[in-house]
>>> print(open('work_1.csv').read())   # CSV, C-alpha atoms
chain,number,residue,atom,x,y,z
N,25,MET,CA,0.0,0.0,0.0
N,26,LYS,CA,1.3,3.4,-0.9
N,27,LEU,CA,1.3,6.1,1.8
N,28,LYS,CA,-0.2,9.4,0.9
N,29,VAL,CA,2.2,11.3,3.1
N,30,SER,CA,5.2,10.5,1.0
N,31,GLU,CA,3.6,12.1,-2.0
N,32,LYS,CA,3.3,15.5,-0.3
N,33,ILE,CA,5.6,18.2,-1.6
N,34,HIS,CA,8.3,19.4,0.8
N,35,TYR,CA,8.6,23.2,1.0
N,36,GLU,CA,11.9,24.9,1.9
N,37,SER,CA,11.1,28.1,3.6
N,38,GLY,CA,14.7,29.3,4.1
N,39,PRO,CA,18.2,28.3,5.0
N,40,ASN,CA,18.6,25.5,7.5
N,41,MET,CA,19.2,27.2,10.8
N,42,THR,CA,19.8,24.2,12.9
N,43,PRO,CA,23.6,24.0,12.6
N,44,LEU,CA,23.8,27.7,13.4
N,45,VAL,CA,21.7,27.4,16.5
N,46,ASP,CA,23.8,24.4,17.6
N,47,ILE,CA,27.0,26.3,17.3
N,48,ILE,CA,25.7,29.4,19.0
N,49,MET,CA,24.3,27.3,21.9
N,50,VAL,CA,27.7,25.6,22.3
N,51,ILE,CA,29.4,29.1,22.4
N,52,LEU,CA,26.9,30.4,24.8
N,53,ILE,CA,27.3,27.5,27.2
N,54,PHE,CA,31.1,27.7,27.0
N,55,MET,CA,31.0,31.4,27.9
N,56,MET,CA,28.6,30.9,30.7
N,57,LEU,CA,30.9,28.2,32.2
N,58,THR,CA,34.3,29.8,31.7
N,59,GLY,CA,33.6,33.5,32.1
N,60,THR,CA,34.0,35.3,35.4
N,61,PHE,CA,32.4,38.4,36.5
N,62,ALA,CA,33.6,41.1,38.8
N,63,VAL,CA,30.4,42.9,38.9
N,64,GLY,CA,29.6,44.6,42.2
N,65,GLU,CA,33.2,45.3,43.1
N,66,TRP,CA,35.1,48.5,42.9
N,67,TYR,CA,38.3,49.9,44.4
N,68,LEU,CA,39.6,52.6,46.7
N,69,GLN,CA,42.9,53.7,45.2
N,70,SER,CA,45.9,54.5,47.4
N,71,ASN,CA,49.1,55.6,45.7
N,72,MET,CA,50.9,55.6,49.0
N,73,PRO,CA,50.8,52.0,50.3
N,74,MET,CA,52.5,52.6,53.7
N,75,THR,CA,54.1,55.5,55.5
N,76,GLU,CA,56.5,55.2,58.4
N,77,LYS,CA,56.0,58.5,60.2
N,78,GLY,CA,53.2,60.1,58.3
N,79,THR,CA,55.2,62.1,55.8
N,80,GLY,CA,55.1,59.8,52.8
N,81,GLY,CA,57.0,56.8,51.6
N,82,THR,CA,59.7,58.2,49.4
N,83,SER,CA,61.8,61.2,50.3
N,84,VAL,CA,62.9,63.5,47.6
N,85,SER,CA,65.1,66.4,48.7
N,86,ASN,CA,64.1,69.1,46.3
N,87,VAL,CA,60.3,68.5,46.5
N,88,PRO,CA,58.4,70.3,49.4
N,89,LEU,CA,57.1,67.9,51.9
N,90,ASP,CA,53.4,67.2,52.1
N,91,GLU,CA,51.3,68.6,55.0
N,92,PRO,CA,50.4,65.5,57.0
N,93,LEU,CA,46.8,65.2,58.3
N,94,GLU,CA,46.7,62.3,60.7
N,95,ILE,CA,43.4,60.6,61.5
N,96,ARG,CA,43.4,58.1,64.3
N,97,VAL,CA,40.8,55.4,64.0
N,98,GLU,CA,39.7,52.9,66.7
N,99,THR,CA,37.1,50.3,66.9
N,100,ILE,CA,35.3,50.3,70.2
N,101,PRO,CA,32.3,48.3,71.6
N,102,ARG,CA,29.1,50.2,72.4
N,103,ILE,CA,25.7,48.9,73.7
N,104,ASP,CA,23.0,49.5,71.1
N,105,PRO,CA,20.2,51.3,73.0
N,106,GLN,CA,17.5,49.7,70.8
N,107,SER,CA,18.6,46.1,70.9
N,108,GLY,CA,20.6,46.1,74.0
N,109,LEU,CA,23.4,44.2,72.2
N,110,THR,CA,27.0,45.1,72.1
N,111,VAL,CA,28.0,46.5,68.7
N,112,GLU,CA,31.3,47.7,67.4
N,113,VAL,CA,31.6,51.3,66.2
N,114,TRP,CA,34.5,53.4,65.0
N,115,VAL,CA,35.9,56.5,66.5
N,116,ALA,CA,38.0,58.9,64.4
N,117,SER,CA,40.0,61.8,65.8
N,118,ALA,CA,42.0,64.3,63.9
N,119,GLY,CA,43.5,67.3,65.7
N,120,ARG,CA,40.9,68.5,68.1
N,121,ILE,CA,37.9,66.9,66.4
N,122,GLN,CA,36.5,63.5,67.3
N,123,VAL,CA,33.7,61.8,65.5
N,124,GLU,CA,32.0,58.5,66.4
N,125,ASN,CA,30.4,56.3,63.8
N,126,ASP,CA,29.1,59.2,61.6
N,127,ARG,CA,30.7,59.4,58.2
N,128,ALA,CA,28.9,62.5,57.1
N,129,ALA,CA,30.0,64.4,60.3
N,130,LEU,CA,33.6,63.3,59.7
N,131,THR,CA,33.4,64.3,56.1
N,132,SER,CA,32.3,67.8,57.0
N,133,GLN,CA,35.0,68.2,59.7
N,134,LEU,CA,37.7,67.0,57.3
N,135,ASP,CA,36.3,69.3,54.6
N,136,ALA,CA,36.6,72.2,57.0
N,137,MET,CA,40.2,71.3,57.8
N,138,ARG,CA,41.0,71.1,54.2
N,139,GLN,CA,39.6,74.5,53.5
N,140,LYS,CA,41.6,75.9,56.4
N,141,LEU,CA,44.8,74.4,55.0
N,142,ASN,CA,43.9,75.7,51.6
N,143,ALA,CA,43.5,79.2,53.1
N,144,ALA,CA,46.9,78.8,54.6
N,145,ASN,CA,48.5,78.3,51.2
N,146,THR,CA,48.6,74.5,51.3
N,147,PRO,CA,47.0,73.2,48.1
N,148,THR,CA,44.9,70.0,48.4
N,149,SER,CA,47.4,68.1,46.3
N,150,ARG,CA,50.0,68.6,49.1
N,151,ILE,CA,47.8,67.4,51.9
N,152,GLN,CA,48.7,63.9,52.9
N,153,VAL,CA,46.0,62.1,54.9
N,154,VAL,CA,47.5,59.5,57.1
N,155,ILE,CA,45.1,57.0,58.6
N,156,SER,CA,46.5,55.7,61.8
N,157,PRO,CA,44.6,52.7,63.0
N,158,GLY,CA,44.9,50.7,66.2
N,159,ARG,CA,45.9,47.1,66.1
N,160,SER,CA,42.3,45.9,66.6
N,161,THR,CA,40.6,48.4,64.2
N,162,ARG,CA,38.3,46.6,61.8
N,163,TYR,CA,39.0,47.0,58.1
N,164,LYS,CA,35.4,48.0,57.4
N,165,HIS,CA,35.8,51.0,59.8
N,166,LEU,CA,39.1,52.0,58.0
N,167,VAL,CA,37.1,52.0,54.7
N,168,GLU,CA,34.5,54.3,56.3
N,169,VAL,CA,37.2,56.8,57.3
N,170,TYR,CA,38.9,56.4,53.9
N,171,GLN,CA,35.6,57.2,52.2
N,172,ALA,CA,35.1,60.3,54.4
N,173,ALA,CA,38.5,61.6,53.4
N,174,LEU,CA,37.7,61.0,49.7
N,175,GLU,CA,34.3,62.7,50.1
N,176,ALA,CA,36.1,65.7,51.7
N,177,LYS,CA,38.0,66.0,48.4
N,178,LEU,CA,41.3,64.9,50.0
N,179,GLU,CA,43.2,63.1,47.3
N,180,LYS,CA,46.2,61.5,49.0
N,181,VAL,CA,45.4,58.9,51.6
N,182,ALA,CA,47.8,56.5,53.2
N,183,PHE,CA,48.1,54.2,56.2
N,184,SER,CA,50.6,54.3,59.0
N,185,ARG,CA,51.8,51.5,61.2
N,186,SER,CA,49.4,50.5,63.9
N,187,ARG,CA,49.7,52.1,67.3
T,9,MET,CA,-1.0,43.3,-16.8
T,10,LYS,CA,-0.5,39.9,-15.2
T,11,VAL,CA,-0.2,39.8,-11.5
T,12,ALA,CA,1.7,37.0,-10.0
T,13,LYS,CA,-0.4,34.8,-7.9
T,14,LEU,CA,0.4,34.6,-4.2
T,15,THR,CA,1.1,31.0,-3.4
T,16,PRO,CA,0.0,29.8,0.0
T,17,THR,CA,3.0,29.3,2.4
T,18,ARG,CA,3.4,26.4,4.7
T,19,GLU,CA,5.2,26.4,8.1
T,20,VAL,CA,7.6,23.5,8.0
T,21,ALA,CA,9.6,24.3,11.2
T,22,PRO,CA,9.2,26.5,14.3
T,23,ASN,CA,10.4,30.1,13.8
T,24,VAL,CA,13.9,30.2,15.3
T,25,VAL,CA,14.7,33.8,14.5
T,26,PRO,CA,13.6,35.2,18.0
T,27,LEU,CA,15.6,32.5,19.6
T,28,ILE,CA,18.7,33.4,17.6
T,29,ASP,CA,18.2,37.1,18.4
T,30,ILE,CA,18.1,36.4,22.1
T,31,VAL,CA,21.0,34.0,22.1
T,32,MET,CA,23.1,36.5,20.1
T,33,CYS,CA,22.3,39.2,22.6
T,34,LEU,CA,23.4,36.9,25.4
T,35,ILE,CA,26.7,36.1,23.6
T,36,VAL,CA,27.4,39.8,23.0
T,37,PHE,CA,26.7,40.5,26.7
T,38,TYR,CA,29.1,37.7,27.9
T,39,MET,CA,31.8,38.9,25.5
T,40,LEU,CA,31.6,42.4,26.8
T,41,VAL,CA,31.1,41.8,30.5
T,42,ALA,CA,32.8,38.5,31.3
T,43,LYS,CA,36.5,38.1,31.6
T,44,PHE,CA,38.1,35.1,30.0
T,45,GLY,CA,41.6,33.7,30.6
T,46,ILE,CA,42.5,36.3,33.2
T,47,GLU,CA,43.5,34.8,36.5
T,48,THR,CA,44.2,37.5,39.1
T,49,GLY,CA,44.1,35.3,42.1
T,50,ALA,CA,40.9,36.7,43.5
T,51,ASP,CA,39.1,34.4,45.9
T,52,ARG,CA,35.5,35.5,45.6
T,53,ALA,CA,34.0,32.8,47.7
T,54,GLY,CA,35.5,33.2,51.1
T,55,ILE,CA,35.8,36.9,51.7
T,56,THR,CA,33.1,39.5,52.4
T,57,LEU,CA,34.4,42.8,51.1
T,58,PRO,CA,33.5,46.0,53.0
T,59,LEU,CA,30.8,48.2,51.6
T,60,SER,CA,31.7,51.5,50.1
T,61,LEU,CA,30.0,54.3,48.2
T,62,GLN,CA,33.2,55.7,46.8
T,63,GLY,CA,35.4,53.7,44.4
T,64,ILE,CA,36.3,53.2,40.8
T,65,GLN,CA,36.0,50.3,38.4
T,66,LEU,CA,39.4,48.9,37.2
T,67,THR,CA,39.5,48.8,33.5
T,68,ASP,CA,43.1,47.8,33.0
T,69,ARG,CA,43.9,44.7,35.0
T,70,GLY,CA,47.1,43.9,33.1
T,71,ASN,CA,49.4,45.4,35.7
T,72,THR,CA,47.6,44.1,38.8
T,73,ILE,CA,47.4,41.0,40.9
T,74,ASP,CA,44.9,40.3,43.7
T,75,ILE,CA,46.0,39.4,47.2
T,76,ASN,CA,43.4,37.9,49.5
T,77,VAL,CA,43.8,38.5,53.2
T,78,ARG,CA,41.8,36.7,55.9
T,79,GLN,CA,41.9,36.6,59.7
T,80,PRO,CA,43.4,33.3,61.1
T,81,ALA,CA,41.5,31.2,63.6
T,82,MET,CA,44.5,31.7,65.9
T,83,GLY,CA,47.9,33.2,65.9
T,84,ASP,CA,49.1,36.5,64.5
T,85,GLU,CA,49.9,35.5,61.0
T,86,PRO,CA,47.3,36.6,58.4
T,87,LEU,CA,46.1,34.0,55.9
T,88,VAL,CA,47.3,35.5,52.6
T,89,SER,CA,46.7,33.9,49.2
T,90,GLY,CA,47.5,35.0,45.7
T,91,LEU,CA,49.2,33.7,42.5
T,92,ASP,CA,52.6,32.0,42.5
T,93,GLU,CA,55.3,32.4,39.9
T,94,GLN,CA,53.4,30.1,37.5
T,95,GLY,CA,50.1,31.9,38.0
T,96,ARG,CA,48.6,29.2,40.2
T,97,PRO,CA,46.6,30.2,43.3
T,98,VAL,CA,48.6,29.5,46.5
T,99,ASN,CA,48.8,30.4,50.2
T,100,ILE,CA,51.7,32.8,50.8
T,101,PRO,CA,53.5,33.2,54.1
T,102,VAL,CA,54.0,36.8,55.2
T,103,ALA,CA,56.7,36.3,57.8
T,104,ALA,CA,60.1,34.9,56.9
T,105,THR,CA,60.0,31.2,57.4
T,106,GLY,CA,63.0,30.2,55.3
T,107,GLY,CA,61.0,29.8,52.1
T,108,ARG,CA,59.4,32.3,49.7
T,109,THR,CA,57.5,35.1,51.4
T,110,LEU,CA,54.9,37.6,50.2
T,111,VAL,CA,57.7,40.2,49.6
T,112,ASP,CA,59.6,37.8,47.3
T,113,LEU,CA,56.4,37.0,45.4
T,114,LEU,CA,55.5,40.6,44.9
T,115,ARG,CA,59.0,41.4,43.8
T,116,PHE,CA,58.8,38.6,41.3
T,117,HIS,CA,55.4,39.8,39.9
T,118,ARG,CA,56.6,43.4,39.9
T,119,GLY,CA,59.8,42.7,37.9
T,120,THR,CA,60.7,45.9,36.2
T,121,ASN,CA,57.1,47.0,35.8
T,122,LYS,CA,56.9,50.4,37.5
T,123,ASP,CA,53.1,50.5,37.1
T,124,PHE,CA,52.6,47.3,39.0
T,125,LYS,CA,49.6,47.5,41.4
T,126,VAL,CA,48.2,45.2,44.1
T,127,ASN,CA,44.5,44.8,44.7
T,128,ILE,CA,44.0,43.9,48.4
T,129,ARG,CA,40.9,41.9,49.0
T,130,ALA,CA,40.5,41.8,52.7
T,131,ASP,CA,37.5,40.6,54.8
T,132,GLU,CA,35.5,43.5,56.3
T,133,ASN,CA,36.0,42.2,59.8
T,134,LEU,CA,39.7,41.8,59.5
T,135,HIS,CA,41.7,43.5,62.3
T,136,TYR,CA,44.3,46.0,61.1
T,137,ARG,CA,47.2,44.1,62.7
T,138,PHE,CA,46.6,41.4,60.0
T,139,LEU,CA,46.4,43.9,57.2
T,140,GLU,CA,49.5,45.8,58.3
T,141,PRO,CA,52.1,43.2,57.4
T,142,VAL,CA,50.6,42.9,53.9
T,143,LEU,CA,50.9,46.7,53.4
T,144,ILE,CA,54.5,46.6,54.7
T,145,ALA,CA,55.3,43.8,52.3
T,146,CYS,CA,53.8,45.9,49.4
T,147,ALA,CA,56.0,48.9,50.5
T,148,GLU,CA,59.1,46.7,50.7
T,149,ALA,CA,58.4,45.2,47.3
T,150,ARG,CA,58.2,48.8,45.9
T,151,VAL,CA,54.6,48.3,44.6
T,152,ALA,CA,53.5,51.5,42.9
T,153,ALA,CA,50.0,51.6,44.2
T,154,VAL,CA,47.6,49.6,46.3
T,155,ASN,CA,43.9,49.3,45.6
T,156,PHE,CA,41.4,48.2,48.3
T,157,ALA,CA,38.6,46.1,46.9
T,158,THR,CA,35.2,47.0,48.2
T,159,ARG,CA,31.6,46.0,47.6
T,160,GLN,CA,29.1,48.2,45.8
T,161,PRO,CA,25.9,48.9,47.6
>>> encode(input="work_1.csv", output="structure tokens")
Amino acid sequence: MKLKVSEKIHYESGPNMTPLVDIIMVILIFMMLTGTFAVGEWYLQSNMPMTEKGTGGTSVSNVPLDEPLEIRVETIPRIDPQSGLTVEVWVASAGRIQVENDRAALTSQLDAMRQKLNAANTPTSRIQVVISPGRSTRYKHLVEVYQAALEAKLEKVAFSRSR
Amino acid sequence: MKVAKLTPTREVAPNVVPLIDIVMCLIVFYMLVAKFGIETGADRAGITLPLSLQGIQLTDRGNTIDINVRQPAMGDEPLVSGLDEQGRPVNIPVAATGGRTLVDLLRFHRGTNKDFKVNIRADENLHYRFLEPVLIACAEARVAAVNFATRQP
């Protein structure tokens, strides 16, 4: 018996896309498996990795020294009034100012200090912020103070040895 | 004038054009965003980076390596990992123990490259006493700049 189906005419509606789709799928799966993403990360830049005494790492005799601005940072325990639990907060002090766990307040204080130094003929590019942490200061608290310095438009930020 | 007759068309296969469009978009996205064949030594699994609102994206990673710093369960030596001379991830001692130290490895990676930079990936709860020896090692190896990896909000 002859099947009617075999007599039907086969229509080609375009180029055969199947090999293309196969190859593209292979490429896609390869990229999904081998590619790595660094999305969600960014970096705080420091061009002065470490300073010994707060005056910069390298000494060049014919270049005027930077004006050091030391910020001492400590991590201290405090009792949270709402929960009653002990939480760790940071305390930053620079000169006569002292700020506890408030980055906006520290930023405005540092900004005022920068403006005073600018008024005294010290350009911002010559102000060297030296973050001076204690041995048990948490890294996240250093980052808070680092950000406050950057927000106060201070460009050069370094770390000193622990106290 | 004769007008050509429109012949009825038949669907012989599912329409794959939208599929190809989407897949092509995904491929282009991966090609632009993902990084292939670049091993910087970053350990993204075991470290919680501190949150920051300031920061920049690094576009050129050719002159940089990542150093991971963790707090040890006990003792005063930080747990530091990065890439060895062959580009394999290894744990690196900071203090001199007779073998290769972090300073030696940084000097090797730096070579004569004056633009060599180190990205420090430290855990947000790390005490500064564990980060300090890493910074000192960077200074001793004459690293041009140090970047501190943070997390975007």
>>> residues_near_point(input="work_1.csv", point="(42.5, 54.7, 61.9)", cutoff="10 Å", atoms="only C-alpha atoms", output="VMD selection string")
(chain N and resid 94 to 99 114 to 118 154 to 163 165 to 170 183 to 187) or (chain T and resid 136)
>>> closest_atom_pairs(input="work_1.csv", of="chain T", to="chain N", cutoff="8 Å", atoms="only C-alpha atoms", output="CSV")
residue,atom,partner,partner_atom,distance
T:Arg18,CA,N:Tyr35,CA,7.1
T:Glu19,CA,N:Ser37,CA,7.6
T:Val20,CA,N:Tyr35,CA,7.1
T:Val24,CA,N:Met41,CA,7.6
T:Ile28,CA,N:Val45,CA,6.8
T:Val31,CA,N:Ile48,CA,7.3
T:Met32,CA,N:Ile48,CA,7.6
T:Leu34,CA,N:Leu52,CA,7.4
T:Ile35,CA,N:Leu52,CA,5.8
T:Tyr38,CA,N:Met55,CA,6.6
T:Met39,CA,N:Met55,CA,7.9
T:Val41,CA,N:Phe61,CA,7.0
T:Ala42,CA,N:Gly59,CA,5.1
T:Lys43,CA,N:Thr60,CA,5.3
T:Phe44,CA,N:Gly59,CA,5.2
T:Pro58,CA,N:Lys164,CA,5.2
T:Leu59,CA,N:Lys164,CA,7.4
T:Ser60,CA,N:Val167,CA,7.1
T:Leu61,CA,N:Gln171,CA,7.5
T:Gln62,CA,N:Gln171,CA,6.1
T:Gly63,CA,N:Tyr67,CA,4.8
T:Ile64,CA,N:Tyr67,CA,5.3
T:Gln65,CA,N:Trp66,CA,4.9
T:Leu66,CA,N:Trp66,CA,7.2
T:Ala130,CA,N:Tyr163,CA,7.6
T:Asp131,CA,N:Tyr163,CA,7.4
T:Glu132,CA,N:Lys164,CA,4.6
T:Asn133,CA,N:Arg162,CA,5.4
T:Leu134,CA,N:Tyr163,CA,5.4
T:His135,CA,N:Arg162,CA,4.6
T:Tyr136,CA,N:Arg159,CA,5.4
T:Arg137,CA,N:Arg159,CA,4.7
T:Glu140,CA,N:Arg185,CA,6.8
T:Leu143,CA,N:Met74,CA,6.1
T:Ile144,CA,N:Met74,CA,6.4
T:Cys146,CA,N:Pro73,CA,6.9
T:Ala147,CA,N:Met74,CA,6.0
T:Val151,CA,N:Pro73,CA,7.8
T:Ala152,CA,N:Asn71,CA,6.6
T:Ala153,CA,N:Asn71,CA,4.4
T:Val154,CA,N:Ser70,CA,5.3
T:Asn155,CA,N:Gln69,CA,4.5
T:Phe156,CA,N:Leu68,CA,5.0
T:Ala157,CA,N:Tyr67,CA,4.6
T:Thr158,CA,N:Trp66,CA,5.5
T:Arg159,CA,N:Glu65,CA,4.8
T:Gln160,CA,N:Gly64,CA,5.1
T:Pro161,CA,N:Gly64,CA,7.8
>>> atom_distance(input="work_1.csv", atom1="atom CA of Leu114 of chain T", atom2="atom CA of Ile55 of chain T")
21.2 Å
>>> closest_residue(input="work_1.csv", among="T:Leu57, T:Leu139, T:Ala50, T:Leu91", to="Phe116 of chain T", atoms="only C-alpha atoms")
T:Leu91
>>> residues_near_point(input="work_1.csv", point="(34.4, 69.5, 56.7)", cutoff="12 Å", atoms="only C-alpha atoms", output="list in words")
Ala118, Ile121, Val123, Arg127, Ala128, Ala129, Leu130, Thr131, Ser132, Gln133, Leu134, Asp135, Ala136, Met137, Arg138, Gln139, Lys140, Leu141, Ala172, Ala173, Leu174, Glu175, Ala176, Lys177 and Leu178 of chain N
>>> residues_around(input="work_1.csv", residues="Val77 of chain T", least_positions_apart="3", cutoff="7 Å", atoms="only C-alpha atoms", output="PyMOL selection string")
chain T and resi 86-89+129-131
>>> residues_around(input="work_1.csv", residues="Ala149 of chain T", least_positions_apart="6", cutoff="12 Å", atoms="all atoms listed in the file", output="JSON, numbers by chain")
{"N": [73, 74], "T": [109, 110, 111, 112, 113, 114, 115, 116, 117, 118, 119, 120, 121, 122, 124, 125, 126, 142, 143]}
